[in-house]
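Notes follow the structure.
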Amino acid sequence: MEQKLRKPKPIFKQGAISAESIGVSIANHQSKTEIGAHNIFMGQVRADEIEGKKVAAIEYTANEELANEAVFAIREQAFEKYDLTCMHIYHSLGAVKAGEICLFIFVSSPRRNAANDACRYILEAIKKEAPIFGKEIFEDSTHQWKVNN
Amino acid sequence: MKVKITFYGHAADVVKSNSVESDFGDRISAYGLKKSIQVKYPQLSTIELKLAVNNKMVVKDVDLNDGDEISVLPPFSGG
C-alpha cells in the first residue's frame, strides 16, 4: 500500500514517448508476479486532414504544476476505485510528429477487469481535467488548436 | 493592485504573449479579470476559459490579491 500513496510525480517527457521506453516499462514488471493483467493505452498523433491540409505534428504545452497535480489526483482516485497494483502515466511536451506516441498510460492489476476499467477511467479524466494544450501543426507550418471530443 | 497573468495554448496565441503584469486599481475578482480579458480580446469570448489563481483552479469567484499569479486556460486538449 505504501507505494500507492506517493507524491505527485512529473508526467511530462520532452518530445515523443519512444517505443523503447515503453518496452523497458513493460519489462520492468516481470518481477511483479502478483500482476495478472496489464492494460496499456497509447495516444498517437494522427495525421488528420483538414481542408486539404495534413497535420504533421502536435506541439504540446501545459501548466505543468497544475497538470501534474490533476493527474496525481486522478491516479489516487483510480487506486481508490479499482484493485490496482501499479500505474505509470506519461504525456509529451513539445513537438510530437504524426505517427509518434504522445500519451502512455500503463495500468497493472491482479485481474483484467480492473486494469481495463481503470485505464479507460484515467484516460478520460486526463483529457478532461489536465491543463494540457495541443497545437496541431500542418505541413505548411500553419496551425490550429486541437479540440478534444 | 498588480497581478501576473499567464496565458496558455490558444489564449497565448490570441494575446500574442505568454505572460503579462496588469494593474487593476483597487480590486478585481477572478471572474472580473476574465471578463476584462474577454472584452480586450473578443476572440477569447468565443472559447471557454478556465482560471487558476496561484495554481489552484477557480471553481467559484474570488477576489484577487496583489501579487497573485493567474493562469488563463483554454479548453484542455491533452492526449
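Identifiers in the C-alpha cells: chain A, B, ... in order shown; residue index from 1 per chain; ligand index from 1 in order shown.
Near Glu59 (chain A), within 7 Å and counting only C-alpha atoms, sit Ala57, Thr61, Gly94, Ala95, Val96, Gly134, Lys135 and Glu136 of chain A, not including residues fewer than 2 positions from it in the same chain.
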How would the residues just chosen look if you wrote them out with C-alpha atoms as a PDB file, in the first residue's frame?
ATOM      1  CA  ALA A  57       2.800  17.242 -35.678  1.00  0.00           C
ATOM      2  CA  THR A  61       2.237  22.868 -23.824  1.00  0.00           C
ATOM      3  CA  GLY A  94       6.836  19.970 -27.197  1.00  0.00           C
ATOM      4  CA  ALA A  95       6.516  18.676 -30.742  1.00  0.00           C
ATOM      5  CA  VAL A  96       5.420  15.124 -31.488  1.00  0.00           C
ATOM      6  CA  GLY A 134      -2.234  20.620 -28.259  1.00  0.00           C
ATOM      7  CA  LYS A 135      -1.375  22.792 -31.242  1.00  0.00           C
ATOM      8  CA  GLU A 136      -1.894  20.912 -34.499  1.00  0.00           C
TER       9      GLU A 136
END
Residues of chain B in strand (DSSP E), written as a VMD selection string = chain B and resid 2 to 7 19 to 23 50 to 53 56 to 57 69 to 73
With C-alpha atoms retained, could you export that selection as a PDB file, in the first residue's frame?
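part.pdb written:
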ATOM      1  CA  LYS B   2      -0.901  44.145  -9.716  1.00  0.00           C
ATOM      2  CA  VAL B   3      -1.313  40.566 -10.815  1.00  0.00           C
ATOM      3  CA  LYS B   4       0.693  38.377 -13.153  1.00  0.00           C
ATOM      4  CA  ILE B   5      -1.366  36.736 -15.891  1.00  0.00           C
ATOM      5  CA  THR B   6      -0.049  33.715 -17.761  1.00  0.00           C
ATOM      6  CA  PHE B   7      -1.851  32.671 -20.920  1.00  0.00           C
ATOM      7  CA  SER B  19       2.704  36.378 -19.631  1.00  0.00           C
ATOM      8  CA  VAL B  20       1.811  39.953 -18.660  1.00  0.00           C
ATOM      9  CA  GLU B  21       1.615  42.019 -15.489  1.00  0.00           C
ATOM     10  CA  SER B  22      -1.572  44.026 -15.147  1.00  0.00           C
ATOM     11  CA  ASP B  23      -2.670  46.698 -12.728  1.00  0.00           C
ATOM     12  CA  LYS B  50     -10.904  28.471 -17.006  1.00  0.00           C
ATOM     13  CA  LEU B  51      -8.778  30.318 -14.492  1.00  0.00           C
ATOM     14  CA  ALA B  52      -6.364  29.253 -11.811  1.00  0.00           C
ATOM     15  CA  VAL B  53      -5.171  31.572  -9.046  1.00  0.00           C
ATOM     16  CA  LYS B  56      -5.468  26.474  -7.761  1.00  0.00           C
ATOM     17  CA  MET B  57      -8.384  26.077 -10.145  1.00  0.00           C
ATOM     18  CA  GLU B  69      -0.493  34.679 -10.335  1.00  0.00           C
ATOM     19  CA  ILE B  70      -3.370  33.949 -12.664  1.00  0.00           C
ATOM     20  CA  SER B  71      -3.410  31.198 -15.281  1.00  0.00           C
ATOM     21  CA  VAL B  72      -5.775  31.660 -18.200  1.00  0.00           C
ATOM     22  CA  LEU B  73      -6.597  28.194 -19.505  1.00  0.00           C
TER      23      LEU B  73
END
ask   = Of the residues B:Lys35, B:Asn65, B:Ile47, B:Ser29, which is the one nearest to chain A, using only C-alpha atoms?
value = B:Ile47
query = Of the residues B:Leu49, B:Val39, B:Leu44, B:Leu64, which is the one nearest to Val14 (chain B), using only C-alpha atoms?
reply =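 Comparing B:Leu49, B:Val39, B:Leu44, B:Leu64 against Val14 (chain B), the winner is B:Leu44.
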query = How far is it from CA of Phe79 (chain A) to CA of Pro75 (chain B), in Å with one decimal?
reply =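 A separation of 26.7 Å between them.
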request  = Taking only C-alpha atoms into account, report as a PyMOL selection string which residues of chain A lie within 9 Å of chain B.
outcome  = chain A and resi 42-45+60-63+65-66+91-92+102-104+123+126-135+144-149
Long-range neighbours of Thr33 (chain A) as a PDB file with N, CA and C atoms, in the first residue's frame, 12 Å cut-off, only C-alpha atoms, 3 positions minimum in chain:
ATOM      1  N   ASN A  28      10.037  -4.079 -16.989  1.00  0.00           N
ATOM      2  CA  ASN A  28      10.253  -3.806 -15.562  1.00  0.00           C
ATOM      3  C   ASN A  28       9.199  -4.450 -14.664  1.00  0.00           C
ATOM      4  N   HIS A  29       8.110  -4.923 -15.256  1.00  0.00           N
ATOM      5  CA  HIS A  29       7.037  -5.509 -14.446  1.00  0.00           C
ATOM      6  C   HIS A  29       7.123  -7.018 -14.321  1.00  0.00           C
ATOM      7  N   GLN A  30       8.127  -7.610 -14.947  1.00  0.00           N
ATOM      8  CA  GLN A  30       8.189  -9.080 -14.930  1.00  0.00           C
ATOM      9  C   GLN A  30       8.476  -9.638 -13.538  1.00  0.00           C
ATOM     10  N   GLY A  36      -1.708  -9.886 -12.856  1.00  0.00           N
ATOM     11  CA  GLY A  36      -2.247 -10.852 -13.819  1.00  0.00           C
ATOM     12  C   GLY A  36      -2.704 -10.201 -15.103  1.00  0.00           C
ATOM     13  N   ALA A  37      -2.777  -8.864 -15.086  1.00  0.00           N
ATOM     14  CA  ALA A  37      -3.273  -8.162 -16.278  1.00  0.00           C
ATOM     15  C   ALA A  37      -2.693  -6.751 -16.343  1.00  0.00           C
ATOM     16  N   HIS A  38      -2.206  -6.421 -17.528  1.00  0.00           N
ATOM     17  CA  HIS A  38      -1.799  -5.031 -17.801  1.00  0.00           C
ATOM     18  C   HIS A  38      -2.772  -4.472 -18.819  1.00  0.00           C
ATOM     19  N   THR A  85      -2.366  -2.734  -8.950  1.00  0.00           N
ATOM     20  CA  THR A  85      -1.036  -2.974  -8.381  1.00  0.00           C
ATOM     21  C   THR A  85      -0.135  -1.762  -8.616  1.00  0.00           C
ATOM     22  N   SER A 108      -1.681  -1.788 -14.127  1.00  0.00           N
ATOM     23  CA  SER A 108      -1.499  -3.215 -13.835  1.00  0.00           C
ATOM     24  C   SER A 108      -2.334  -3.614 -12.627  1.00  0.00           C
ATOM     25  N   SER A 109      -2.884  -4.816 -12.706  1.00  0.00           N
ATOM     26  CA  SER A 109      -3.786  -5.310 -11.670  1.00  0.00           C
ATOM     27  C   SER A 109      -3.683  -6.831 -11.600  1.00  0.00           C
ATOM     28  N   PRO A 110      -4.115  -7.411 -10.484  1.00  0.00           N
ATOM     29  CA  PRO A 110      -4.194  -8.875 -10.480  1.00  0.00           C
ATOM     30  C   PRO A 110      -5.178  -9.384 -11.540  1.00  0.00           C
TER      31      PRO A 110
END
Residue contacts of Ala78 (chain A) (9 Å, only C-alpha atoms) excluding same-chain residues fewer than 5 positions away, as a list in words =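 Residues meeting the cut-off are Ala73, Asp83, Leu84, Ala118, Cys119, Tyr121 and Ile122 of chain A.
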key: Residues flagged alpha helix (DSSP H) by DSSP in chain A, as a PyMOL selection string   = chain A and resi 19-27+64-81+112-129
Restricting it to C-alpha atoms, dump the selection as an mmCIF file, in the first residue's frame.
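See result28.cif below for the written result:
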data_model
loop_
_atom_site.group_PDB
_atom_site.id
_atom_site.type_symbol
_atom_site.label_atom_id
_atom_site.label_comp_id
_atom_site.auth_asym_id
_atom_site.auth_seq_id
_atom_site.Cartn_x
_atom_site.Cartn_y
_atom_site.Cartn_z
ATOM 1 C CA ALA A 19 8.744 2.555 -28.256
ATOM 2 C CA GLU A 20 11.977 1.552 -26.494
ATOM 3 C CA SER A 21 10.988 3.256 -23.235
ATOM 4 C CA ILE A 22 7.581 1.586 -23.427
ATOM 5 C CA GLY A 23 9.270 -1.791 -23.916
ATOM 6 C CA VAL A 24 11.511 -1.181 -20.915
ATOM 7 C CA SER A 25 8.495 -0.177 -18.843
ATOM 8 C CA ILE A 26 6.756 -3.463 -19.692
ATOM 9 C CA ALA A 27 9.898 -5.494 -18.966
ATOM 10 C CA GLU A 64 2.896 21.640 -15.708
ATOM 11 C CA GLU A 65 2.334 22.092 -11.996
ATOM 12 C CA LEU A 66 -1.448 22.034 -12.319
ATOM 13 C CA ALA A 67 -1.363 19.135 -14.772
ATOM 14 C CA ASN A 68 0.903 17.072 -12.526
ATOM 15 C CA GLU A 69 -1.436 17.720 -9.610
ATOM 16 C CA ALA A 70 -4.529 16.895 -11.681
ATOM 17 C CA VAL A 71 -3.028 13.617 -12.856
ATOM 18 C CA PHE A 72 -1.915 12.786 -9.336
ATOM 19 C CA ALA A 73 -5.496 13.265 -8.112
ATOM 20 C CA ILE A 74 -6.792 11.079 -10.952
ATOM 21 C CA ARG A 75 -4.212 8.446 -10.068
ATOM 22 C CA GLU A 76 -5.265 8.432 -6.420
ATOM 23 C CA GLN A 77 -8.939 8.197 -7.398
ATOM 24 C CA ALA A 78 -8.170 5.249 -9.671
ATOM 25 C CA PHE A 79 -6.351 3.431 -6.839
ATOM 26 C CA GLU A 80 -9.382 4.039 -4.608
ATOM 27 C CA LYS A 81 -11.847 2.871 -7.209
ATOM 28 C CA ARG A 112 -8.199 -7.872 -16.206
ATOM 29 C CA ASN A 113 -11.450 -6.034 -15.489
ATOM 30 C CA ALA A 114 -9.842 -3.646 -13.013
ATOM 31 C CA ALA A 115 -6.947 -2.934 -15.384
ATOM 32 C CA ASN A 116 -9.270 -2.336 -18.357
ATOM 33 C CA ASP A 117 -11.759 -0.152 -16.490
ATOM 34 C CA ALA A 118 -9.092 1.877 -14.695
ATOM 35 C CA CYS A 119 -7.185 2.590 -17.895
ATOM 36 C CA ARG A 120 -10.276 3.990 -19.584
ATOM 37 C CA TYR A 121 -11.208 5.990 -16.479
ATOM 38 C CA ILE A 122 -7.738 7.528 -16.291
ATOM 39 C CA LEU A 123 -7.633 8.380 -19.985
ATOM 40 C CA GLU A 124 -10.980 10.156 -19.976
ATOM 41 C CA ALA A 125 -10.133 12.021 -16.773
ATOM 42 C CA ILE A 126 -6.771 13.226 -18.121
ATOM 43 C CA LYS A 127 -8.381 14.550 -21.285
ATOM 44 C CA LYS A 128 -10.983 16.399 -19.241
ATOM 45 C CA GLU A 129 -9.039 17.605 -16.210
#
ask   = Between CA of Cys86 (chain A) and CA of Ile35 (chain A), what is the spacing in Å?
value =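 Interatomic distance here is 9.0 Å.
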request  = Considering only C-alpha atoms, return as an MDAnalysis selection string whatever protein or nucleic-acid residues lie within 9 Å of Gly32 (chain B), sequence-local ones (same chain, fewer than 4 positions apart) excluded.
outcome  = chainID B and resid 28 36:37 61 63
Dump N, CA and C atoms for the selected residues as an mmCIF file, in the first residue's frame?
data_model
loop_
_atom_site.group_PDB
_atom_site.id
_atom_site.type_symbol
_atom_site.label_atom_id
_atom_site.label_comp_id
_atom_site.auth_asym_id
_atom_site.auth_seq_id
_atom_site.Cartn_x
_atom_site.Cartn_y
_atom_site.Cartn_z
ATOM 1 N N ILE B 28 -10.311 43.546 -7.903
ATOM 2 C CA ILE B 28 -10.976 42.847 -9.004
ATOM 3 C C ILE B 28 -11.104 41.377 -8.589
ATOM 4 N N SER B 36 -12.677 41.144 -18.231
ATOM 5 C CA SER B 36 -11.882 42.235 -18.813
ATOM 6 C C SER B 36 -10.961 41.706 -19.919
ATOM 7 N N ILE B 37 -10.487 40.488 -19.754
ATOM 8 C CA ILE B 37 -9.650 39.879 -20.804
ATOM 9 C C ILE B 37 -10.489 39.638 -22.058
ATOM 10 N N ASP B 61 -16.130 32.367 -7.843
ATOM 11 C CA ASP B 61 -15.440 33.651 -7.933
ATOM 12 C C ASP B 61 -14.733 34.014 -6.614
ATOM 13 N N ASP B 63 -11.962 37.179 -4.818
ATOM 14 C CA ASP B 63 -11.247 38.438 -5.003
ATOM 15 C C ASP B 63 -9.765 38.135 -5.166
#
